[in-house]
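*Asks:* Structure file final_22.txt (compact mmCIF, C-alpha atoms and all ligand atoms) is given on the next line.
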# COMPACT_ATOMS: atom_id res chain seq x y z
CA MET U 58 12.72 74.54 -20.95
CA PHE U 59 13.94 76.05 -17.73
CA VAL U 60 16.53 74.02 -15.82
CA ASP U 61 17.66 75.09 -12.39
CA ARG U 62 19.28 71.87 -11.18
CA VAL U 63 21.65 69.83 -13.28
CA LYS U 64 24.33 67.16 -12.98
CA ILE U 65 27.52 67.51 -14.95
CA HIS U 66 30.75 65.62 -15.52
CA ALA U 67 33.76 67.90 -15.72
CA ARG U 68 37.36 67.13 -16.51
CA GLY U 69 40.48 69.22 -16.91
CA GLY U 70 42.62 68.52 -19.95
CA GLN U 71 45.63 66.23 -19.71
CA GLY U 72 49.07 67.79 -19.87
CA GLY U 73 51.16 67.18 -23.01
CA ARG U 74 53.95 64.58 -22.92
CA GLY U 75 57.54 65.76 -22.69
CA CYS U 76 59.70 65.08 -25.75
CA VAL U 77 62.87 63.03 -26.13
CA SER U 78 65.04 64.49 -28.85
CA PHE U 79 68.68 65.31 -29.58
CA ARG U 80 70.06 68.17 -31.51
CA ARG U 81 71.26 67.00 -34.90
CA GLU U 82 73.03 69.53 -37.04
CA LYS U 83 75.86 69.53 -39.46
CA TYR U 84 79.19 70.39 -37.79
CA ILE U 85 77.66 70.09 -34.33
CA PRO U 86 78.40 66.59 -33.18
CA ARG U 87 76.59 65.34 -30.11
CA GLY U 88 74.41 68.41 -29.93
CA GLY U 89 72.83 67.32 -26.67
CA PRO U 90 69.23 66.75 -25.58
CA ASP U 91 66.65 69.26 -26.85
CA GLY U 92 63.21 67.68 -26.13
CA GLY U 93 60.84 70.35 -24.81
CA PRO U 94 58.10 69.99 -22.16
CA GLY U 95 54.46 69.35 -22.93
CA GLY U 96 51.87 72.10 -22.52
CA ASP U 97 49.48 72.17 -19.57
CA GLY U 98 45.94 70.91 -20.04
CA GLY U 99 43.09 73.41 -19.92
CA SER U 100 41.08 73.89 -16.70
CA VAL U 101 37.31 73.91 -16.39
CA ILE U 102 36.39 77.28 -14.89
CA LEU U 103 32.91 78.26 -13.72
CA VAL U 104 32.06 81.92 -14.06
CA ALA U 105 28.95 83.57 -12.62
CA ASP U 106 27.61 85.56 -15.52
CA ALA U 107 24.90 88.16 -14.89
CA GLU U 108 23.46 87.63 -18.38
CA THR U 109 22.76 83.95 -17.71
CA ASP U 110 19.69 83.01 -15.69
CA HIS U 111 19.31 79.27 -16.01
CA LEU U 112 21.32 76.06 -16.37
CA THR U 113 19.60 74.71 -19.46
CA HIS U 114 22.75 74.75 -21.59
CA LEU U 115 24.39 72.33 -19.16
CA PHE U 116 21.40 70.03 -19.26
CA TYR U 117 22.05 69.54 -22.97
CA GLN U 118 25.84 69.42 -22.57
CA PRO U 119 26.51 67.65 -19.30
CA ASN U 120 30.06 66.71 -20.28
CA GLN U 121 32.38 69.64 -19.88
CA PHE U 122 35.88 68.51 -20.82
CA ALA U 123 38.73 70.94 -21.32
CA LYS U 124 41.26 70.34 -24.10
CA HIS U 125 44.56 68.50 -23.63
CA GLY U 126 47.92 70.21 -23.73
CA VAL U 127 50.09 69.64 -26.80
CA HIS U 128 53.12 67.33 -26.53
CA GLY U 129 56.58 68.83 -26.35
CA ARG U 130 58.77 68.86 -29.48
CA GLY U 131 62.41 68.78 -30.44
CA LYS U 132 64.55 71.92 -30.80
CA GLN U 133 63.55 72.83 -27.24
CA MET U 134 60.01 73.60 -28.26
CA ASP U 135 57.30 73.62 -25.59
CA GLY U 136 53.95 72.07 -26.35
CA LYS U 137 51.12 74.58 -26.48
CA LYS U 138 49.04 75.06 -23.35
CA ALA U 139 45.38 74.23 -23.90
CA PRO U 140 42.85 77.04 -23.40
CA ASP U 141 40.68 76.96 -20.28
CA LEU U 142 37.09 75.93 -20.72
CA ILE U 143 34.89 78.74 -19.37
CA VAL U 144 31.47 77.55 -18.28
CA LYS U 145 28.97 80.34 -17.66
CA VAL U 146 26.45 79.86 -14.88
CA PRO U 147 23.94 82.27 -13.36
CA PRO U 148 24.96 84.10 -10.18
CA GLY U 149 23.50 82.17 -7.28
CA THR U 150 24.69 78.78 -8.49
CA LEU U 151 25.67 76.35 -5.79
CA VAL U 152 28.10 73.58 -6.79
CA LYS U 153 28.02 70.23 -5.01
CA LEU U 154 30.40 67.34 -5.40
CA LEU U 155 28.78 64.01 -6.22
CA PRO U 156 28.10 61.45 -4.96
CA GLY U 157 28.36 62.91 -1.44
CA GLY U 158 26.75 66.25 -2.15
CA GLU U 159 29.14 68.39 -0.13
CA THR U 160 29.19 72.01 -1.27
CA VAL U 161 32.26 72.92 -3.29
CA VAL U 162 31.50 76.56 -3.95
CA ASP U 163 28.66 79.06 -3.94
CA LEU U 164 28.98 81.49 -6.83
CA ASP U 165 26.79 84.05 -5.16
CA ALA U 166 27.92 87.23 -6.89
CA PRO U 167 28.18 88.27 -10.54
CA ASP U 168 31.65 87.66 -11.98
CA ALA U 169 32.65 85.26 -9.22
CA SER U 170 34.68 82.44 -10.69
CA PHE U 171 35.98 79.08 -9.57
CA VAL U 172 38.40 76.53 -11.01
CA LEU U 173 36.27 73.40 -10.92
CA CYS U 174 38.80 70.98 -12.47
CA LYS U 175 42.39 72.01 -12.90
CA GLY U 176 44.15 70.90 -16.05
CA GLY U 177 47.11 68.52 -15.74
CA ARG U 178 50.67 69.82 -15.87
CA GLY U 179 52.69 69.14 -19.00
CA GLY U 180 55.53 66.59 -18.63
CA ARG U 181 59.23 67.49 -18.77
CA GLY U 182 61.18 66.80 -21.93
CA ASN U 183 64.59 65.15 -21.92
CA MET U 184 66.46 68.47 -22.09
CA SER U 185 65.53 69.19 -18.49
CA TYR U 186 67.19 65.95 -17.30
CA LYS U 187 70.58 67.00 -18.57
CA SER U 188 73.42 67.30 -16.07
CA SER U 189 77.20 67.10 -16.08
CA THR U 190 77.09 63.40 -15.32
CA HIS U 191 74.07 62.62 -17.46
CA GLN U 192 74.63 64.22 -20.79
CA ALA U 193 72.42 62.13 -23.07
CA PRO U 194 69.24 61.60 -21.02
CA ARG U 195 66.39 59.67 -22.56
CA GLU U 196 63.98 60.31 -19.69
CA TYR U 197 60.80 62.25 -20.15
CA GLU U 198 57.53 62.67 -18.26
CA GLU U 199 54.01 61.92 -19.33
CA GLY U 200 51.62 64.82 -18.91
CA GLN U 201 49.53 64.63 -15.75
CA PRO U 202 45.83 63.91 -16.03
CA GLY U 203 43.44 66.77 -15.34
CA GLU U 204 41.19 66.78 -12.29
CA GLU U 205 37.85 65.15 -12.86
CA GLY U 206 34.56 64.93 -11.05
CA ARG U 207 30.80 64.76 -11.17
CA PHE U 208 28.98 67.74 -9.79
CA GLU U 209 25.48 68.90 -9.18
CA LEU U 210 24.75 72.54 -9.93
CA VAL U 211 21.80 74.03 -8.11
CA LEU U 212 20.54 77.50 -8.89
CA LYS U 213 19.23 79.62 -6.06
CA ILE U 214 18.23 82.86 -7.70
CA ILE U 215 19.53 86.02 -6.10
CA ALA U 216 16.69 88.49 -5.70
CA ASP U 217 16.39 91.24 -3.09
CA VAL U 218 12.63 90.91 -2.91
CA SER U 219 10.39 87.90 -3.56
CA ILE U 220 6.66 87.95 -4.18
CA ILE U 221 4.90 84.98 -2.65
CA GLY U 222 1.24 84.13 -2.79
CA PHE U 223 -1.40 81.68 -3.88
CA PRO U 224 -1.84 80.87 -7.55
CA ASN U 225 -3.85 83.61 -9.29
CA ALA U 226 -3.19 86.15 -6.50
CA GLY U 227 -1.71 88.47 -9.12
CA LYS U 228 2.01 88.00 -8.46
CA SER U 229 3.00 88.17 -12.11
CA THR U 230 0.72 91.14 -12.70
CA LEU U 231 2.38 92.93 -9.79
CA LEU U 232 5.84 92.24 -11.19
CA THR U 233 4.87 93.83 -14.50
CA LYS U 234 3.90 96.95 -12.54
CA LEU U 235 7.19 97.04 -10.62
CA SER U 236 9.55 96.27 -13.48
CA LYS U 237 9.88 95.79 -17.21
CA ALA U 238 9.68 92.00 -16.81
CA ARG U 239 6.72 90.49 -18.67
CA PRO U 240 5.87 87.15 -17.11
CA LYS U 241 2.76 85.45 -18.42
CA VAL U 242 -0.44 86.57 -16.71
CA ALA U 243 -3.55 84.42 -17.01
CA LEU U 244 -6.79 83.51 -15.36
CA TYR U 245 -5.86 79.98 -14.48
CA PRO U 246 -3.76 78.86 -11.49
CA PHE U 247 -0.10 77.86 -11.91
CA THR U 248 0.48 80.09 -14.89
CA THR U 249 3.96 80.77 -13.62
CA LEU U 250 6.05 77.62 -13.66
CA GLN U 251 9.47 79.12 -13.31
CA PRO U 252 10.78 82.06 -11.33
CA THR U 253 11.07 85.35 -13.17
CA VAL U 254 13.23 88.20 -12.01
CA GLY U 255 12.45 91.82 -12.82
CA ILE U 256 14.56 94.86 -12.08
CA LEU U 257 12.80 97.62 -10.18
CA GLU U 258 14.46 100.94 -11.01
CA PHE U 259 13.89 103.84 -8.67
CA GLU U 260 13.94 107.49 -9.68
CA ASP U 261 17.23 107.92 -7.84
CA TYR U 262 18.80 105.12 -9.93
CA HIS U 263 18.83 102.58 -7.14
CA THR U 264 17.72 99.16 -8.35
CA LEU U 265 16.28 96.05 -6.77
CA ARG U 266 15.86 92.56 -8.16
CA VAL U 267 12.30 91.35 -7.61
CA ALA U 268 11.38 87.70 -8.11
CA ASP U 269 7.99 86.31 -9.08
CA VAL U 270 7.83 82.65 -8.13
CA PRO U 271 5.17 80.00 -8.81
CA GLY U 272 2.09 79.96 -6.60
CA LEU U 273 2.22 78.25 -3.24
CA ILE U 274 -0.71 76.25 -1.86
CA GLU U 275 -1.54 74.39 1.31
CA GLY U 276 0.29 71.07 1.40
CA ALA U 277 3.13 72.26 -0.85
CA SER U 278 5.48 70.72 1.72
CA ARG U 279 3.86 67.39 0.89
CA ASN U 280 4.48 68.15 -2.77
CA ARG U 281 1.01 69.42 -3.60
CA GLY U 282 0.82 71.90 -6.44
CA LEU U 283 4.32 72.59 -7.63
CA GLY U 284 5.69 71.51 -4.28
CA HIS U 285 8.36 73.28 -2.31
CA ASP U 286 11.35 72.83 -4.54
CA PHE U 287 11.09 76.24 -6.22
CA LEU U 288 11.11 77.95 -2.80
CA ARG U 289 14.88 77.72 -2.72
CA HIS U 290 14.80 80.61 -5.18
CA ILE U 291 13.41 82.91 -2.51
CA GLU U 292 15.76 81.77 0.25
CA ARG U 293 18.27 84.50 -0.43
CA SER U 294 15.82 87.38 -0.53
CA ARG U 295 16.01 89.94 2.24
CA PHE U 296 12.42 91.06 1.98
CA TYR U 297 9.15 89.36 1.09
CA ILE U 298 5.92 90.62 -0.39
CA VAL U 299 3.13 88.37 0.82
CA LEU U 300 0.51 88.93 -1.85
CA LEU U 301 -3.09 88.10 -1.00
CA ASP U 302 -6.20 88.07 -3.14
CA ALA U 303 -8.17 90.47 -0.93
CA ALA U 304 -11.35 89.92 -2.91
CA GLY U 305 -11.26 86.20 -2.26
CA THR U 306 -12.13 85.52 -5.90
CA GLU U 307 -11.48 81.83 -5.47
CA GLY U 308 -13.75 81.52 -2.46
CA ARG U 309 -11.07 81.65 0.19
CA GLU U 310 -10.62 84.24 2.92
CA PRO U 311 -7.48 86.42 2.69
CA TRP U 312 -6.67 85.73 6.34
CA ASP U 313 -6.72 81.96 5.74
CA ASP U 314 -4.44 82.44 2.76
CA TYR U 315 -2.06 84.46 4.89
CA LYS U 316 -1.88 81.79 7.58
CA THR U 317 -1.40 79.01 5.05
CA LEU U 318 1.35 80.86 3.22
CA LEU U 319 3.32 81.59 6.36
CA ASN U 320 2.87 78.04 7.53
CA GLU U 321 4.19 76.61 4.26
CA LEU U 322 7.16 78.95 4.39
CA LYS U 323 7.87 77.84 7.93
CA LEU U 324 7.65 74.17 6.99
CA TYR U 325 10.13 74.80 4.20
CA GLN U 326 12.60 76.78 6.29
CA PRO U 327 11.71 78.27 9.68
CA GLY U 328 14.09 81.21 9.16
CA LEU U 329 12.05 82.55 6.25
CA VAL U 330 9.17 83.79 8.38
CA LYS U 331 11.56 85.77 10.55
CA LYS U 332 12.70 87.91 7.65
CA PRO U 333 11.02 91.28 7.08
CA ARG U 334 7.92 91.29 4.92
CA ILE U 335 4.96 93.37 3.89
CA VAL U 336 1.44 92.11 3.41
CA VAL U 337 -0.06 93.37 0.18
CA ALA U 338 -3.79 92.97 -0.40
CA ASN U 339 -4.45 92.83 -4.13
CA LYS U 340 -7.55 93.20 -6.32
CA ILE U 341 -9.09 96.04 -4.30
CA ASP U 342 -10.84 97.16 -7.50
CA LEU U 343 -13.30 94.29 -7.14
CA PRO U 344 -16.61 94.77 -5.32
CA GLY U 345 -17.08 93.61 -1.74
CA VAL U 346 -13.41 93.87 -0.90
CA GLU U 347 -13.71 96.39 1.96
CA LYS U 348 -15.25 93.91 4.37
CA LYS U 349 -12.62 91.29 3.74
CA LEU U 350 -9.88 93.87 3.99
CA ALA U 351 -11.13 95.13 7.34
CA ALA U 352 -11.29 91.59 8.68
CA LEU U 353 -7.78 90.94 7.47
CA ARG U 354 -6.43 94.11 9.05
CA LYS U 355 -7.86 93.15 12.40
CA LYS U 356 -6.00 89.85 12.42
CA VAL U 357 -2.68 90.58 10.74
CA LYS U 358 -0.11 92.20 13.00
CA GLU U 359 2.01 93.88 10.35
CA PRO U 360 0.76 96.71 8.14
CA VAL U 361 -1.44 95.73 5.22
CA LEU U 362 -1.05 97.63 1.97
CA PRO U 363 -4.09 97.58 -0.32
CA VAL U 364 -3.32 97.64 -4.06
CA SER U 365 -4.81 96.83 -7.40
CA ALA U 366 -2.10 95.36 -9.57
CA ASN U 367 -4.39 95.56 -12.59
CA GLU U 368 -5.17 99.24 -12.21
CA GLY U 369 -1.96 100.35 -10.54
CA THR U 370 -3.60 101.66 -7.34
CA GLY U 371 -1.27 101.64 -4.34
CA ILE U 372 1.80 100.57 -6.32
CA ASP U 373 3.61 103.85 -5.59
CA LYS U 374 3.24 103.21 -1.89
CA LEU U 375 4.67 99.72 -2.27
CA ILE U 376 7.63 101.11 -4.20
CA ALA U 377 8.22 103.76 -1.51
CA THR U 378 8.14 101.05 1.17
CA LEU U 379 10.72 98.99 -0.67
CA HIS U 380 12.92 102.04 -1.13
CA LYS U 381 12.66 102.85 2.54
CA PHE U 382 13.59 99.35 3.59
CA PHE U 383 16.58 98.98 1.30
CA PHE U 384 18.03 102.44 0.87
CA GLU U 385 16.99 104.77 3.65
CA GLU U 386 19.08 104.56 6.78
CA GLU U 387 16.74 106.51 8.98
CA PRO U 388 13.18 105.43 8.42
CA GLY U 389 11.03 108.33 7.30
CA ALA U 390 13.83 110.39 5.78
CA LYS U 391 12.43 110.18 2.25
CA THR U 392 9.11 108.64 1.47
CA SER U 393 7.96 109.43 -2.02
CA VAL U 394 10.46 107.92 -4.41
CA LYS U 395 8.77 106.60 -7.51
CA ALA U 396 9.84 104.08 -10.07
CA ARG U 397 11.50 105.40 -13.22
CA GLY U 398 9.66 105.35 -16.52
N1 LIG D 401 -9.60 92.44 -10.74
C1 LIG D 401 -8.30 92.26 -10.63
N2 LIG D 401 -7.74 91.17 -11.20
C2 LIG D 401 -6.42 91.01 -11.07
C3 LIG D 401 -5.61 91.92 -10.34
N3 LIG D 401 -4.33 91.49 -10.39
C4 LIG D 401 -4.34 90.35 -11.11
N4 LIG D 401 -5.58 90.05 -11.53
C5 LIG D 401 -6.01 88.91 -12.37
O1 LIG D 401 -5.76 87.70 -11.69
C6 LIG D 401 -5.41 86.69 -12.61
C7 LIG D 401 -4.13 86.04 -12.19
O2 LIG D 401 -3.07 86.95 -12.30
P1 LIG D 401 -1.54 86.50 -12.36
O3 LIG D 401 -0.74 87.74 -12.27
O4 LIG D 401 -1.33 85.58 -13.48
O5 LIG D 401 -1.47 85.71 -11.00
P2 LIG D 401 -0.24 84.86 -10.40
O6 LIG D 401 -0.29 85.06 -8.94
O7 LIG D 401 1.00 85.22 -11.11
O8 LIG D 401 -0.72 83.39 -10.74
P3 LIG D 401 0.18 82.07 -10.91
O9 LIG D 401 1.33 82.41 -11.80
O10 LIG D 401 -0.75 81.12 -11.55
O11 LIG D 401 0.57 81.64 -9.54
C8 LIG D 401 -5.33 87.36 -13.98
O12 LIG D 401 -6.51 87.10 -14.68
C9 LIG D 401 -5.18 88.82 -13.64
O13 LIG D 401 -5.71 89.65 -14.65
C10 LIG D 401 -6.24 93.08 -9.76
O14 LIG D 401 -5.63 93.94 -9.13
N5 LIG D 401 -7.59 93.18 -9.94
MG MG D 402 2.23 84.12 -12.20
As structure tokens - that is how I would like this structure written.

*Replies:*
Amino acid sequence: MFVDRVKIHARGGQGGRGCVSFRREKYIPRGGPDGGPGGDGGSVILVADAETDHLTHLFYQPNQFAKHGVHGRGKQMDGKKAPDLIVKVPPGTLVKLLPGGETVVDLDAPDASFVLCKGGRGGRGNMSYKSSTHQAPREYEEGQPGEEGRFELVLKIIADVSIIGFPNAGKSTLLTKLSKARPKVALYPFTTLQPTVGILEFEDYHTLRVADVPGLIEGASRNRGLGHDFLRHIERSRFYIVLLDAAGTEGREPWDDYKTLLNELKLYQPGLVKKPRIVVANKIDLPGVEKKLAALRKKVKEPVLPVSANEGTGIDKLIATLHKFFFEEEPGAKTSVKARG
């Protein structure tokens, strides 16, 4: 199961209680107060871990409670501080406070961390109440409770490039050509039900994260197909590959697909269509594609790149375009960088 939205209950540990004790030793009458303080409770700390890519573990363990601090002891001994509870989440996790839903933190980079619930401070023992006029204090403090709250964690995957297209357009096939990721490829629509990220490695050791997301169809904004919800995973991308089935294998025209896709993106978030993109026409190995491609080229303003994800035709050009967009300051400086391996 893939979980990318989860509600949790987090609580820092309570501090240990301070101790009331007096030194008792042979030949030392009235040894004075020696009750030590309690240890601090552990905090719940969220850490963005690059190796984690979903929130499923929190779905099964929605209660994240840190341990309590140990109580103070006699002979001036401190109680032990409880360890912090480290909760790993994928980079790109947004944390909202419930019930209001206001954003607490956006862990948008690997290794970013955030103290979600601080542990309570340990209480003072009676030895710290001692003074010249108060030599046998019996006061002590209880440990303070840890912070507590309910939170919603929402994952918005961080990918540099996202591939968007209709079901069966060949998005997953294209990702296997760009990276070592192996999402499921199949003849039927909605094969991909969860986003997959692949790493595109260039010859010059630059890398890009490329996301394959589920297919988008007309009416997704009204929850048709898999709806719009998964589109939040492409929000953070800087570049989009609009992948079209140029052969129209499902009886639709590529140009209509293009319009529908852009319209759905706009309905989801108007800013998305303003970001840079490339139109990639897939399945050019199939017969009768030239006519459809020519018609598409006439109508689409931006350049159209014909490829066959199955056979690998045109993929080098796509890779060079991505390299140019992300890593070349002056356009045209270097054009033929290939993928490694
Ligand atoms: N002829 C031909 N078929 C292709 C090409 N690329 C993909 N296909 C086929 O199209 C079908 C769908 O491919 P997928 O990669 O699963 O498509 P998808 O866009 O990921 O589909 P969903 O995950 O369902 O949205 C598979 O049967 C692929 O073999 C291509 O370049 N040429
Ligand atoms: Mg797929």

*Asks:* Please give me, as a PyMOL selection string, the residues lying within 6 Å of ligand MG 402 (chain D) when counting all atoms listed in the file.

*Replies:* chain U and resi 228-229+242+248-249

*Asks:* Which of these residues is nearest to ligand LIG 401 (chain D), using only C-alpha atoms and all ligand atoms: U:His263, U:Lys381, U:Lys241, U:Lys175?

*Replies:*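 Of all the options, U:Lys241 lies closest to ligand LIG 401 (chain D).
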
*Asks:* Using only C-alpha atoms, determine which residues lie at most 6 Å from range 149-166 of chain U, disregarding the query and same-chain residues fewer than 5 positions distant; provide the list as JSON, numbers by chain.

*Replies:* {"U": [207, 208, 209, 210, 211, 212, 213, 214, 215]}

*Asks:* Under the rule that only C-alpha atoms are counted, which of U:Val146, U:Val172, U:Ile291, U:Ala139 is the nearest residue to Ile102 in chain U?

*Replies:*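 Of U:Val146, U:Val172, U:Ile291, U:Ala139, the one nearest Ile102 in chain U, counting only C-alpha atoms, is U:Val172.
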
*Asks:* Which of these residues is nearest to ligand LIG 401 (chain D), using all atoms listed in the file: U:Pro271, U:Pro344, U:Pro333, U:Gly328?

*Replies:*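 Closest residue, counting all atoms listed in the file: U:Pro271.
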
*Asks:* Using all atoms listed in the file, which of U:Leu173, U:Ala304, U:Val361, U:Leu375 sits nearest ligand LIG 401 (chain D)?

*Replies:*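 Checking each candidate against ligand LIG 401 (chain D), we get U:Ala304 as the closest.
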
*Asks:* As a PyMOL selection string, please: the residues near Gly255 in chain U (cut-off 7 Å, only C-alpha atoms, same-chain neighbours under 3 positions excluded).

*Replies:* chain U and resi 232+236-238+266-268

*Asks:* With C-alpha atoms kept, could you save the residues just selected as a short mmCIF file (atom, residue, chain, number, x, y, z; two decimals), keeping the file's coordinate frame?

*Replies:*
data_model
loop_
_atom_site.label_atom_id
_atom_site.label_comp_id
_atom_site.auth_asym_id
_atom_site.auth_seq_id
_atom_site.Cartn_x
_atom_site.Cartn_y
_atom_site.Cartn_z
CA LEU U 232 5.84 92.24 -11.19
CA SER U 236 9.55 96.27 -13.48
CA LYS U 237 9.88 95.79 -17.21
CA ALA U 238 9.68 92.00 -16.81
CA ARG U 266 15.86 92.56 -8.16
CA VAL U 267 12.30 91.35 -7.61
CA ALA U 268 11.38 87.70 -8.11
#

*Asks:* Go ahead and fit an axis-aligned box to every listed atom of ligand LIG 401 (chain D) plus 3 Å each side, and pass me the centre and edge lengths in Å, one decimal, as lines of an AutoDock Vina configuration file.

*Replies:*
center_x = -4.1
center_y = 87.5
center_z = -11.8
size_x = 16.9
size_y = 18.8
size_z = 11.7

*Asks:* Could I get the residue neighbourhood of ligand LIG 401 (chain D) at 9 Å, counting all atoms listed in the file, as a VMD selection string?

*Replies:* chain U and resid 220 to 233 240 to 251 269 to 273 300 to 302 304 306 338 to 343 364 to 370

*Asks:* Give me the residues within 10 Å of range 84-90 of chain U as a list in words, counting only C-alpha atoms and dropping any in the same chain fewer than 6 places off.

*Replies:* Cys76, Val77, Ser78, Gly131, Lys132, Gln133, Gly182, Asn183, Met184, Ser185, Tyr186, Lys187, Gln192, Ala193, Pro194 and Arg195 of chain U

*Asks:* Let me make sure I understand: among U:Val101, U:Gly176, U:Ser189, U:Lys349, which one has the smallest atom-to-atom distance to Asp313 in chain U if we use all atoms listed in the file?

*Replies:* U:Lys349

*Asks:* How many Å lie between CA of Glu108 in chain U and CA of His285 in chain U, rounded to one decimal?

*Replies:* 26.3 Å

*Asks:* Nearest to Pro252 in chain U: which of U:Leu235, U:Leu288, U:Ile274, U:Ile143 is it, counting only C-alpha atoms?

*Replies:*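 Using only C-alpha atoms, Pro252 in chain U sits closest to U:Leu288.
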
*Asks:* In Å, how far is it from CA of Phe116 in chain U to CA of Arg62 in chain U?

*Replies:*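 Separating CA of Phe116 in chain U from CA of Arg62 in chain U is a distance of 8.6 Å.
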
*Asks:* Have a look at CA of Pro360 in chain U and CA of Glu310 in chain U and let me know their distance in Å, one decimal.

*Replies:*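 Separating CA of Pro360 in chain U from CA of Glu310 in chain U is a distance of 17.7 Å.
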
*Asks:* For a cut-off of 8 Å around (10.7, 91.2, -1.7), file coordinates, pick out all residues using all atoms listed in the file and list them as a ChimeraX atom specification.

*Replies:* /U:216-220,267-268,294-298,334,379

*Asks:* Mind listing as a list in words all residues within 7 Å of (15.1, 77.0, -17.3), counting all atoms listed in the file?

*Replies:*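 Within 7 Å of (15.1, 77.0, -17.3), the protein and nucleic acid residues are Met58, Phe59, Val60, Asp61, His111, Leu112 and Thr113 of chain U.
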
*Asks:* Next, the residues of the selection above should be written as a compact mmCIF listing (two decimals), in the coordinates of the input with C-alpha atoms.

*Replies:*
# COMPACT_ATOMS: atom_id res chain seq x y z
CA MET U 58 12.72 74.54 -20.95
CA PHE U 59 13.94 76.05 -17.73
CA VAL U 60 16.53 74.02 -15.82
CA ASP U 61 17.66 75.09 -12.39
CA HIS U 111 19.31 79.27 -16.01
CA LEU U 112 21.32 76.06 -16.37
CA THR U 113 19.60 74.71 -19.46

*Asks:* Using only C-alpha atoms, which residues sit within 10 Å of Pro94 in chain U once same-chain residues fewer than 2 positions away are excluded, as a ChimeraX atom specification?

*Replies:* /U:72-77,91-92,96-97,127-131,133-137,178-185,197-200

*Asks:* Output range 87-98 of chain U as a PDB file, in the frame of the given file, making sure N, CA and C atoms are there.

*Replies:*
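Okay, this is what ended up in selection_16.pdb:
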ATOM      1  N   ARG U  87      77.129  65.547 -31.466  1.00  0.00           N
ATOM      2  CA  ARG U  87      76.590  65.340 -30.110  1.00  0.00           C
ATOM      3  C   ARG U  87      75.983  66.646 -29.564  1.00  0.00           C
ATOM      4  N   GLY U  88      75.015  67.103 -30.258  1.00  0.00           N
ATOM      5  CA  GLY U  88      74.410  68.410 -29.930  1.00  0.00           C
ATOM      6  C   GLY U  88      73.683  68.449 -28.599  1.00  0.00           C
ATOM      7  N   GLY U  89      73.470  67.312 -27.996  1.00  0.00           N
ATOM      8  CA  GLY U  89      72.830  67.320 -26.670  1.00  0.00           C
ATOM      9  C   GLY U  89      71.314  67.224 -26.764  1.00  0.00           C
ATOM     10  N   PRO U  90      70.680  66.953 -25.609  1.00  0.00           N
ATOM     11  CA  PRO U  90      69.230  66.750 -25.580  1.00  0.00           C
ATOM     12  C   PRO U  90      68.486  68.071 -25.838  1.00  0.00           C
ATOM     13  N   ASP U  91      67.411  68.025 -26.625  1.00  0.00           N
ATOM     14  CA  ASP U  91      66.650  69.260 -26.850  1.00  0.00           C
ATOM     15  C   ASP U  91      65.142  68.998 -26.903  1.00  0.00           C
ATOM     16  N   GLY U  92      64.666  67.967 -26.176  1.00  0.00           N
ATOM     17  CA  GLY U  92      63.210  67.680 -26.130  1.00  0.00           C
ATOM     18  C   GLY U  92      62.513  68.621 -25.164  1.00  0.00           C
ATOM     19  N   GLY U  93      61.531  69.360 -25.644  1.00  0.00           N
ATOM     20  CA  GLY U  93      60.840  70.350 -24.810  1.00  0.00           C
ATOM     21  C   GLY U  93      59.709  69.727 -23.982  1.00  0.00           C
ATOM     22  N   PRO U  94      59.197  70.475 -23.012  1.00  0.00           N
ATOM     23  CA  PRO U  94      58.100  69.990 -22.160  1.00  0.00           C
ATOM     24  C   PRO U  94      56.745  70.084 -22.871  1.00  0.00           C
ATOM     25  N   GLY U  95      55.820  69.276 -22.399  1.00  0.00           N
ATOM     26  CA  GLY U  95      54.460  69.350 -22.930  1.00  0.00           C
ATOM     27  C   GLY U  95      53.718  70.540 -22.339  1.00  0.00           C
ATOM     28  N   GLY U  96      52.663  70.978 -23.025  1.00  0.00           N
ATOM     29  CA  GLY U  96      51.870  72.100 -22.520  1.00  0.00           C
ATOM     30  C   GLY U  96      50.874  71.623 -21.468  1.00  0.00           C
ATOM     31  N   ASP U  97      50.472  72.530 -20.589  1.00  0.00           N
ATOM     32  CA  ASP U  97      49.480  72.170 -19.570  1.00  0.00           C
ATOM     33  C   ASP U  97      48.105  71.957 -20.198  1.00  0.00           C
ATOM     34  N   GLY U  98      47.319  71.097 -19.581  1.00  0.00           N
ATOM     35  CA  GLY U  98      45.940  70.910 -20.040  1.00  0.00           C
ATOM     36  C   GLY U  98      45.080  72.084 -19.601  1.00  0.00           C
TER      37      GLY U  98
END
